[in-house]
$ cat entry.tsv   # TSV, C-alpha atoms
chain	number	residue	atom	x	y	z
A	1	MET	CA	0.00	0.00	0.00
A	2	ARG	CA	2.76	2.41	0.93
A	3	GLU	CA	4.49	1.99	-2.43
A	4	ALA	CA	1.25	2.78	-4.26
A	5	LEU	CA	0.67	5.82	-2.06
A	6	GLU	CA	4.21	7.05	-2.68
A	7	ARG	CA	3.71	6.70	-6.41
A	8	PHE	CA	0.44	8.65	-6.24
A	9	TYR	CA	2.06	11.32	-4.05
A	10	GLN	CA	4.89	11.80	-6.53
A	11	GLU	CA	2.92	11.61	-9.77
A	12	SER	CA	-0.05	13.71	-8.60
A	13	ARG	CA	2.08	16.38	-6.88
A	14	PHE	CA	0.36	16.04	-3.52
A	15	ASN	CA	3.37	17.70	-1.88
A	16	THR	CA	1.95	21.11	-0.97
A	17	LYS	CA	-0.27	22.13	1.91
A	18	GLY	CA	-3.53	22.17	-0.08
A	19	PRO	CA	-3.39	18.60	-1.43
A	20	LEU	CA	-1.88	17.31	1.84
A	21	SER	CA	-4.76	18.86	3.80
A	22	VAL	CA	-7.30	17.27	1.47
A	23	ALA	CA	-5.66	13.83	1.52
A	24	LEU	CA	-5.37	13.63	5.31
A	25	GLN	CA	-8.94	14.76	6.04
A	26	LEU	CA	-10.44	12.53	3.38
A	27	SER	CA	-8.43	9.57	4.64
A	28	ARG	CA	-10.07	10.08	8.03
A	29	ALA	CA	-13.51	10.57	6.44
A	30	PHE	CA	-13.11	7.40	4.37
A	31	GLN	CA	-12.29	5.22	7.40
A	32	GLY	CA	-14.33	2.03	7.06
A	33	ALA	CA	-15.73	3.02	3.67
A	34	GLU	CA	-16.12	0.41	0.97
A	35	VAL	CA	-14.78	0.95	-2.51
A	36	PRO	CA	-15.66	2.14	-5.01
A	37	ILE	CA	-16.16	5.49	-3.30
A	38	ASN	CA	-18.46	7.93	-5.07
A	39	PRO	CA	-16.67	11.32	-5.17
A	40	ASN	CA	-20.01	13.13	-5.56
A	41	ASP	CA	-20.95	12.02	-2.05
A	42	PHE	CA	-18.23	14.30	-0.73
A	43	LEU	CA	-19.28	17.49	-2.46
A	44	ALA	CA	-21.07	20.22	-0.51
A	45	ASP	CA	-24.70	20.94	-1.53
A	46	ARG	CA	-23.83	23.43	-4.27
A	47	GLY	CA	-20.90	21.38	-5.52
A	48	GLY	CA	-18.38	24.18	-5.04
A	49	GLN	CA	-16.47	22.70	-2.11
A	50	VAL	CA	-15.44	19.38	-0.68
A	51	LYS	CA	-17.65	18.35	2.21
A	52	GLY	CA	-16.06	18.09	5.65
A	53	LEU	CA	-12.85	19.98	4.95
A	54	GLY	CA	-11.90	22.76	7.35
A	55	GLY	CA	-9.17	24.22	9.51
A	56	PRO	CA	-10.58	22.99	12.85
A	57	ASN	CA	-11.01	19.44	11.52
A	58	LEU	CA	-7.49	19.39	10.13
A	59	LYS	CA	-6.07	20.78	13.37
A	60	LYS	CA	-7.89	18.11	15.40
A	61	ILE	CA	-6.43	15.28	13.32
A	62	LEU	CA	-2.92	16.71	13.50
A	63	LEU	CA	-3.14	17.23	17.26
A	64	GLY	CA	-4.07	13.57	17.58
A	65	TYR	CA	-0.59	12.81	16.26
A	66	GLY	CA	1.06	15.40	18.48
A	67	ILE	CA	1.49	17.94	15.69
A	68	ASP	CA	0.48	21.43	16.84
A	69	ARG	CA	1.78	23.40	13.85
A	70	PRO	CA	-0.86	24.83	11.47
A	71	LEU	CA	-0.78	23.32	7.97
A	72	SER	CA	-3.66	25.30	6.48
A	73	SER	CA	-6.04	27.64	8.29
A	74	GLU	CA	-8.87	26.67	5.94
A	75	GLY	CA	-7.89	23.01	5.77
A	76	GLY	CA	-8.05	23.07	1.98
A	77	ARG	CA	-11.75	23.94	2.01
A	78	THR	CA	-11.44	27.12	-0.02
A	79	SER	CA	-8.71	25.89	-2.34
A	80	ARG	CA	-9.83	26.09	-5.95
A	81	GLY	CA	-8.11	22.80	-6.64
A	82	SER	CA	-9.57	20.90	-3.68
A	83	ILE	CA	-12.34	19.26	-5.73
A	84	ASP	CA	-9.88	18.13	-8.39
A	85	ASN	CA	-7.57	16.84	-5.65
A	86	MET	CA	-10.45	14.97	-4.05
A	87	ARG	CA	-11.47	13.35	-7.33
A	88	ALA	CA	-7.89	12.35	-8.13
A	89	TYR	CA	-7.45	10.83	-4.66
A	90	VAL	CA	-10.75	8.93	-4.86
A	91	GLU	CA	-9.81	7.59	-8.30
A	92	PHE	CA	-6.51	6.31	-6.90
A	93	LEU	CA	-8.19	4.65	-3.91
A	94	ASN	CA	-10.85	3.05	-6.09
A	95	ASP	CA	-8.22	1.69	-8.46
A	96	TYR	CA	-6.15	0.28	-5.61
A	97	GLY	CA	-9.16	-1.05	-3.71
A	98	SER	CA	-10.36	-2.94	-6.77
A	99	PHE	CA	-7.60	-5.53	-6.34
A	100	ALA	CA	-6.39	-5.22	-2.73
A	101	PRO	CA	-7.85	-4.28	0.67
A	102	ILE	CA	-7.12	-0.77	1.94
A	103	ASP	CA	-5.52	-0.38	5.36
A	104	TRP	CA	-6.97	3.00	6.35
A	105	ASP	CA	-4.67	3.37	9.37
A	106	GLU	CA	-1.65	2.89	7.12
A	107	VAL	CA	-3.08	5.41	4.66
A	108	GLU	CA	-3.58	8.05	7.35
A	109	GLN	CA	-0.14	7.48	8.82
A	110	PHE	CA	1.40	7.82	5.36
A	111	TRP	CA	-0.09	11.31	4.98
A	112	ILE	CA	0.93	12.27	8.50
A	113	GLY	CA	4.48	11.33	7.56
A	114	LYS	CA	4.34	13.46	4.43
A	115	ILE	CA	2.97	16.41	6.40
A	116	GLN	CA	5.79	16.03	8.93
A	117	ASP	CA	8.27	15.97	6.04
A	118	TYR	CA	6.67	19.18	4.76
A	119	PHE	CA	7.15	20.84	8.15
A	120	ASP	CA	10.71	19.55	8.50
A	121	ALA	CA	11.81	20.86	5.10
A	122	THR	CA	13.86	24.00	5.70
A	123	PRO	CA	13.69	26.48	2.82
A	124	PHE	CA	16.61	28.51	1.57
A	125	THR	CA	16.67	32.10	2.79
A	126	LEU	CA	17.05	35.27	0.77
A	127	SER	CA	17.76	38.39	2.78
A	128	LEU	CA	16.58	41.70	1.35
A	129	ASP	CA	19.44	43.77	2.73
A	130	ALA	CA	19.51	47.22	1.14
A	131	SER	CA	23.22	47.57	1.97
A	132	GLN	CA	24.11	44.61	-0.25
A	133	SER	CA	24.23	44.37	-4.01
A	134	ILE	CA	21.65	42.23	-5.81
A	135	LYS	CA	24.56	40.04	-6.92
A	136	THR	CA	25.49	39.39	-3.29
A	137	ILE	CA	21.89	38.63	-2.34
A	138	ILE	CA	21.44	36.08	-5.13
A	139	ARG	CA	24.92	34.61	-4.64
A	140	ASP	CA	24.13	33.97	-0.99
A	141	VAL	CA	21.25	31.71	-2.04
A	142	THR	CA	23.49	29.78	-4.45
A	143	GLU	CA	26.10	29.34	-1.70
A	144	GLN	CA	23.42	27.92	0.60
A	145	ALA	CA	22.56	25.44	-2.17
A	146	VAL	CA	26.19	24.38	-2.55
A	147	LYS	CA	26.53	23.82	1.21
A	148	ARG	CA	23.36	21.74	1.35
A	149	GLN	CA	24.46	19.78	-1.70
A	150	ARG	CA	27.61	18.70	0.15
A	151	LEU	CA	25.47	17.25	2.93
A	152	VAL	CA	22.93	15.43	0.76
A	153	THR	CA	24.55	13.09	-1.74
A	154	GLY	CA	22.93	12.84	-5.16
A	155	VAL	CA	20.68	15.92	-4.88
A	156	LYS	CA	21.55	18.74	-7.28
A	157	TYR	CA	20.20	21.68	-5.30
A	158	LEU	CA	22.19	24.35	-7.12
A	159	GLY	CA	21.25	23.20	-10.62
A	160	THR	CA	17.58	22.94	-9.67
A	161	ILE	CA	17.51	26.40	-8.08
A	162	MET	CA	19.26	27.91	-11.11
A	163	GLN	CA	16.85	26.28	-13.56
A	164	HIS	CA	13.73	27.46	-11.77
A	165	LEU	CA	15.03	30.97	-11.00
A	166	VAL	CA	15.77	31.34	-14.71
A	167	GLY	CA	12.27	30.03	-15.41
A	168	ALA	CA	10.76	32.50	-12.94
A	169	LYS	CA	12.67	35.36	-14.57
A	170	LEU	CA	11.44	34.28	-18.00
A	171	ASP	CA	7.87	34.22	-16.69
A	172	MET	CA	8.30	37.80	-15.49
A	173	VAL	CA	9.63	38.86	-18.88
A	174	MET	CA	7.33	36.86	-21.15
A	175	GLY	CA	4.26	36.56	-18.93
A	176	ALA	CA	3.18	33.62	-16.75
A	177	GLY	CA	1.76	30.80	-18.82
A	178	THR	CA	3.86	31.48	-21.92
A	179	ILE	CA	6.90	29.48	-20.76
A	180	THR	CA	6.94	25.69	-20.47
A	181	HIS	CA	8.49	24.52	-17.19
A	182	ASN	CA	9.65	21.03	-16.31
A	183	SER	CA	10.93	19.13	-13.32
A	184	SER	CA	14.70	19.33	-12.96
A	185	SER	CA	14.78	15.53	-13.31
A	186	ASN	CA	13.27	15.62	-16.82
A	187	ASN	CA	15.59	14.97	-19.74
A	188	ASP	CA	15.39	17.50	-22.59
A	189	GLN	CA	15.42	15.02	-25.45
A	190	GLU	CA	13.00	12.61	-23.78
A	191	HIS	CA	10.44	15.41	-23.60
A	192	GLY	CA	10.99	16.81	-27.10
A	193	ARG	CA	12.84	19.93	-25.99
A	194	THR	CA	15.96	21.48	-27.49
A	195	GLY	CA	16.99	23.02	-24.15
A	196	ASP	CA	15.74	23.62	-20.62
A	197	PHE	CA	13.60	26.37	-22.14
A	198	ASP	CA	12.58	26.78	-25.78
A	199	ILE	CA	11.54	30.36	-26.55
A	200	GLY	CA	11.12	31.57	-30.12
A	201	ASP	CA	14.22	30.39	-31.95
A	202	VAL	CA	16.34	30.32	-28.76
A	203	SER	CA	17.28	27.16	-26.85
A	204	ILE	CA	18.26	28.05	-23.28
A	205	HIS	CA	20.51	25.63	-21.40
A	206	VAL	CA	20.94	26.13	-17.63
A	207	THR	CA	23.89	24.29	-16.11
A	208	THR	CA	26.30	24.42	-13.18
A	209	ARG	CA	29.08	22.84	-15.25
A	210	PRO	CA	29.06	22.94	-19.05
A	211	SER	CA	30.14	19.65	-20.64
A	212	GLU	CA	31.19	18.53	-24.08
A	213	ALA	CA	27.82	16.78	-24.41
A	214	LEU	CA	26.05	20.11	-23.77
A	215	LEU	CA	28.10	21.91	-26.40
A	216	ILE	CA	27.38	19.12	-28.88
A	217	LYS	CA	23.71	19.71	-28.13
A	218	CYS	CA	24.29	23.41	-28.85
A	219	ARG	CA	25.83	22.44	-32.17
A	220	GLU	CA	22.68	20.41	-32.89
A	221	ASN	CA	20.63	23.52	-32.03
A	222	LEU	CA	22.58	25.48	-34.62
A	223	ALA	CA	22.08	22.78	-37.24
A	224	ALA	CA	18.34	23.11	-36.61
A	225	ASN	CA	18.53	26.90	-37.09
A	226	ARG	CA	18.13	27.58	-33.37
A	227	LYS	CA	20.18	29.95	-31.23
A	228	PRO	CA	21.78	28.25	-28.19
A	229	LEU	CA	22.14	30.26	-24.98
A	230	ILE	CA	24.03	28.80	-22.02
A	231	VAL	CA	23.35	30.20	-18.55
A	232	THR	CA	25.95	28.99	-16.05
A	233	ILE	CA	27.84	29.94	-12.91
A	234	ASP	CA	30.91	32.17	-13.08
A	235	ASN	CA	33.62	29.51	-13.52
A	236	GLY	CA	31.43	27.73	-16.05
A	237	VAL	CA	31.50	30.70	-18.43
A	238	GLY	CA	35.14	30.17	-19.38
A	239	LEU	CA	34.70	26.40	-19.55
A	240	ALA	CA	31.73	26.71	-21.92
A	241	SER	CA	33.66	29.16	-24.10
A	242	ASP	CA	36.66	26.80	-24.27
A	243	LEU	CA	34.46	23.83	-25.20
A	244	ALA	CA	32.66	25.88	-27.83
A	245	ASN	CA	36.03	26.90	-29.26
A	246	GLU	CA	37.10	23.25	-29.54
A	247	LEU	CA	33.93	22.52	-31.54
A	248	GLY	CA	34.36	25.58	-33.70
A	249	ILE	CA	31.12	27.24	-32.60
A	250	GLU	CA	32.45	29.81	-30.13
A	251	GLU	CA	31.16	32.74	-32.19
A	252	ARG	CA	27.68	31.25	-32.51
A	253	VAL	CA	26.89	30.35	-28.90
A	254	GLU	CA	25.87	32.85	-26.22
A	255	VAL	CA	27.28	32.17	-22.73
A	256	ILE	CA	25.96	34.23	-19.81
A	257	ASP	CA	26.78	34.21	-16.11
A	258	PHE	CA	23.70	33.05	-14.16
A	259	ILE	CA	23.82	35.72	-11.45
A	260	GLN	CA	24.30	38.52	-13.95
A	261	PHE	CA	21.42	37.10	-15.99
A	262	ILE	CA	19.17	37.55	-12.92
A	263	VAL	CA	20.70	40.80	-11.62
A	264	ALA	CA	20.35	42.76	-14.86
A	265	ASN	CA	16.67	41.87	-15.06
A	266	ILE	CA	16.02	42.92	-11.46
A	267	HIS	CA	17.61	46.34	-12.02
A	268	GLU	CA	15.85	46.93	-15.33
A	269	ARG	CA	12.40	45.83	-14.18
A	270	GLY	CA	12.88	47.65	-10.88
A	271	LEU	CA	13.53	50.85	-12.89
A	272	PHE	CA	16.83	51.28	-11.01
A	273	ASP	CA	14.96	52.19	-7.84
A	274	ARG	CA	15.44	50.59	-4.42
A	275	THR	CA	11.74	49.95	-3.82
A	276	GLY	CA	11.32	48.69	-7.35
A	277	ARG	CA	14.30	46.34	-7.02
A	278	HIS	CA	12.97	44.80	-3.84
A	279	SER	CA	9.50	44.41	-5.33
A	280	ARG	CA	10.95	42.63	-8.37
A	281	ILE	CA	13.02	40.31	-6.17
A	282	GLU	CA	9.94	39.40	-4.16
A	283	GLU	CA	8.01	38.84	-7.39
A	284	LEU	CA	10.82	36.63	-8.70
A	285	ILE	CA	10.88	34.50	-5.55
A	286	GLU	CA	7.10	34.24	-5.39
A	287	ARG	CA	7.05	33.00	-8.96
A	288	TYR	CA	9.97	30.64	-8.26
A	289	ASN	CA	8.18	29.11	-5.27
A	290	SER	CA	5.02	28.52	-7.31
A	291	ILE	CA	7.13	26.67	-9.90
A	292	ILE	CA	8.66	24.53	-7.14
A	293	ASP	CA	5.16	23.72	-5.85
A	294	ARG	CA	4.06	22.54	-9.25
A	295	PHE	CA	7.10	20.81	-10.71
A	296	GLU	CA	9.20	19.55	-7.78
A	297	THR	CA	8.37	17.28	-4.85
A	298	ASP	CA	10.90	18.69	-2.35
A	299	PRO	CA	9.49	21.74	-0.52
A	300	SER	CA	12.95	22.49	0.93
A	301	LEU	CA	13.80	23.88	-2.52
A	302	LYS	CA	11.63	26.89	-1.77
A	303	ILE	CA	13.17	30.24	-0.92
A	304	GLU	CA	11.93	32.30	2.00
A	305	VAL	CA	12.36	36.06	1.77
A	306	ALA	CA	13.61	37.62	4.98
A	307	ALA	CA	13.56	41.35	5.60
A	308	GLY	CA	17.02	42.87	5.73
A	309	ARG	CA	18.28	46.16	7.03

$ encode --input "entry.tsv" --output "structure tokens"
Amino acid sequence: MREALERFYQESRFNTKGPLSVALQLSRAFQGAEVPINPNDFLADRGGQVKGLGGPNLKKILLGYGIDRPLSSEGGRTSRGSIDNMRAYVEFLNDYGSFAPIDWDEVEQFWIGKIQDYFDATPFTLSLDASQSIKTIIRDVTEQAVKRQRLVTGVKYLGTIMQHLVGAKLDMVMGAGTITHNSSSNNDQEHGRTGDFDIGDVSIHVTTRPSEALLIKCRENLAANRKPLIVTIDNGVGLASDLANELGIEERVEVIDFIQFIVANIHERGLFDRTGRHSRIEELIERYNSIIDRFETDPSLKIEVAAGR
């Protein structure tokens, strides 16, 4: 049962507070129910909300497990996606229950564990300190990612943060909904992409360390009449340029430092004003966090904005 639940959790993106609130409360409401469960039985009279969801109910269940931290004040009741989440969860349970019995205690404990993981995940911190340059503020976040990466083997925190900050910046420039985002674990070619982001005739590649394979991909971009743009960290700029030179495409590939790519946009969109800069940074991080919610399963990838001096 746990393996099936884990698969559902990953594939359905039930990793944020709204879906987690819905899953836990419904698991309690379904105790003893026989499958198939009719999802319409759990809609409020007018069909606009899921019946039984609410902050007090959620708090009561959590307190029963010794958890006194608030997950959601509304318990998912007013979430626009709560009905879709409920239907997806019921469909999963009905599918599973059609060939195996459901252990409701195990189900509830699974969601309690995921909620505890959500609480335990410590986000990165961005300090809006007016005395520091935007470069320093952004670089501090990347340094936090590098430190965490050294402690957690196999997790590419820096690369993931870079990819989604670039994606958030592109959303701000192009407009939310015009850019296609993907999980950092998705392979470009497997998903029919020419880069991490395909915009117009430009293929954008975001990387912490440019490789020969990446530059070969850039050469393939050029052969397809696309313009490759590499966004990388400072010491990767020279490496990418050297690799491009070896392949004879150095004059046809754009290579940009990641932090400068972000910083220039913040200054321009902030109209070179302190208040404007801070507003644009907050907008960037808000957009970044929404991308993490949708495309990644690790909430510790989020960035929390802290007020500086």

$ residues_around --input "entry.tsv" --residues "Lys156 (chain A)" --least-positions-apart "6" --cutoff "12 Å" --atoms "only C-alpha atoms" --output "compact mmCIF listing (two decimals) with C-alpha atoms, in the coordinates of the input"
# COMPACT_ATOMS: atom_id res chain seq x y z
CA THR A 142 23.49 29.78 -4.45
CA ALA A 145 22.56 25.44 -2.17
CA VAL A 146 26.19 24.38 -2.55
CA LYS A 147 26.53 23.82 1.21
CA ARG A 148 23.36 21.74 1.35
CA GLN A 149 24.46 19.78 -1.70
CA ARG A 150 27.61 18.70 0.15
CA MET A 162 19.26 27.91 -11.11
CA GLN A 163 16.85 26.28 -13.56
CA SER A 184 14.70 19.33 -12.96
CA SER A 185 14.78 15.53 -13.31
CA THR A 207 23.89 24.29 -16.11
CA THR A 208 26.30 24.42 -13.18
CA ARG A 209 29.08 22.84 -15.25
CA ASP A 298 10.90 18.69 -2.35
CA LEU A 301 13.80 23.88 -2.52

$ closest_residue --input "entry.tsv" --among "A:Ile134, A:Met1, A:Ala176, A:Asp68" --to "Pro101 (chain A)" --atoms "only C-alpha atoms"
A:Met1

$ atom_distance --input "entry.tsv" --atom1 "CA of Tyr65 (chain A)" --atom2 "CA of Pro123 (chain A)"
23.9 Å

$ closest_residue --input "entry.tsv" --among "A:Asp84, A:Asp257, A:Asp120, A:Asp105" --to "Arg139 (chain A)" --atoms "only C-alpha atoms"
A:Asp257

$ atom_distance --input "entry.tsv" --atom1 "CA of Tyr89 (chain A)" --atom2 "CA of Ala168 (chain A)"
29.5 Å

$ closest_residue --input "entry.tsv" --among "A:Val202, A:Leu165, A:Leu239, A:Ala264" --to "Ala224 (chain A)" --atoms "only C-alpha atoms"
A:Val202

$ residues_around --input "entry.tsv" --residues "Ile179 (chain A)" --least-positions-apart "2" --cutoff "10 Å" --atoms "all atoms listed in the file" --output "ChimeraX atom specification"
/A:167-168,170-177,181-182,197-199

$ closest_residue --input "entry.tsv" --among "A:Thr125, A:Gln132, A:Ser241, A:Asn85" --to "Leu214 (chain A)" --atoms "all atoms listed in the file"
A:Ser241

$ closest_residue --input "entry.tsv" --among "A:Pro36, A:Gly159, A:Pro228, A:Gly48" --to "Gly81 (chain A)" --atoms "only C-alpha atoms"
A:Gly48

$ atom_distance --input "entry.tsv" --atom1 "CA of Glu254 (chain A)" --atom2 "CA of Arg277 (chain A)"
26.2 Å

$ residues_around --input "entry.tsv" --residues "His205 (chain A)" --least-positions-apart "5" --cutoff "6 Å" --atoms "all atoms listed in the file" --output "mmCIF file with C-alpha atoms, keeping the file's coordinate frame"
data_model
loop_
_atom_site.group_PDB
_atom_site.id
_atom_site.type_symbol
_atom_site.label_atom_id
_atom_site.label_comp_id
_atom_site.auth_asym_id
_atom_site.auth_seq_id
_atom_site.Cartn_x
_atom_site.Cartn_y
_atom_site.Cartn_z
ATOM 1 C CA GLY A 195 16.990 23.020 -24.150
ATOM 2 C CA ASP A 196 15.740 23.620 -20.620
ATOM 3 C CA ILE A 230 24.030 28.800 -22.020
#

$ closest_residue --input "entry.tsv" --among "A:Val206, A:Ile303, A:Ile102, A:Ile216" --to "Ala33 (chain A)" --atoms "all atoms listed in the file"
A:Ile102

$ decode --input "entry.tsv" --residues "region 161-225 of chain A" --atoms "C-alpha atoms" --output "compact mmCIF listing (two decimals), in the first residue's frame"
# COMPACT_ATOMS: atom_id res chain seq x y z
CA ILE A 161 17.51 26.40 -8.08
CA MET A 162 19.26 27.91 -11.11
CA GLN A 163 16.85 26.28 -13.56
CA HIS A 164 13.73 27.46 -11.77
CA LEU A 165 15.03 30.97 -11.00
CA VAL A 166 15.77 31.34 -14.71
CA GLY A 167 12.27 30.03 -15.41
CA ALA A 168 10.76 32.50 -12.94
CA LYS A 169 12.67 35.36 -14.57
CA LEU A 170 11.44 34.28 -18.00
CA ASP A 171 7.87 34.22 -16.69
CA MET A 172 8.30 37.80 -15.49
CA VAL A 173 9.63 38.86 -18.88
CA MET A 174 7.33 36.86 -21.15
CA GLY A 175 4.26 36.56 -18.93
CA ALA A 176 3.18 33.62 -16.75
CA GLY A 177 1.76 30.80 -18.82
CA THR A 178 3.86 31.48 -21.92
CA ILE A 179 6.90 29.48 -20.76
CA THR A 180 6.94 25.69 -20.47
CA HIS A 181 8.49 24.52 -17.19
CA ASN A 182 9.65 21.03 -16.31
CA SER A 183 10.93 19.13 -13.32
CA SER A 184 14.70 19.33 -12.96
CA SER A 185 14.78 15.53 -13.31
CA ASN A 186 13.27 15.62 -16.82
CA ASN A 187 15.59 14.97 -19.74
CA ASP A 188 15.39 17.50 -22.59
CA GLN A 189 15.42 15.02 -25.45
CA GLU A 190 13.00 12.61 -23.78
CA HIS A 191 10.44 15.41 -23.60
CA GLY A 192 10.99 16.81 -27.10
CA ARG A 193 12.84 19.93 -25.99
CA THR A 194 15.96 21.48 -27.49
CA GLY A 195 16.99 23.02 -24.15
CA ASP A 196 15.74 23.62 -20.62
CA PHE A 197 13.60 26.37 -22.14
CA ASP A 198 12.58 26.78 -25.78
CA ILE A 199 11.54 30.36 -26.55
CA GLY A 200 11.12 31.57 -30.12
CA ASP A 201 14.22 30.39 -31.95
CA VAL A 202 16.34 30.32 -28.76
CA SER A 203 17.28 27.16 -26.85
CA ILE A 204 18.26 28.05 -23.28
CA HIS A 205 20.51 25.63 -21.40
CA VAL A 206 20.94 26.13 -17.63
CA THR A 207 23.89 24.29 -16.11
CA THR A 208 26.30 24.42 -13.18
CA ARG A 209 29.08 22.84 -15.25
CA PRO A 210 29.06 22.94 -19.05
CA SER A 211 30.14 19.65 -20.64
CA GLU A 212 31.19 18.53 -24.08
CA ALA A 213 27.82 16.78 -24.41
CA LEU A 214 26.05 20.11 -23.77
CA LEU A 215 28.10 21.91 -26.40
CA ILE A 216 27.38 19.12 -28.88
CA LYS A 217 23.71 19.71 -28.13
CA CYS A 218 24.29 23.41 -28.85
CA ARG A 219 25.83 22.44 -32.17
CA GLU A 220 22.68 20.41 -32.89
CA ASN A 221 20.63 23.52 -32.03
CA LEU A 222 22.58 25.48 -34.62
CA ALA A 223 22.08 22.78 -37.24
CA ALA A 224 18.34 23.11 -36.61
CA ASN A 225 18.53 26.90 -37.09
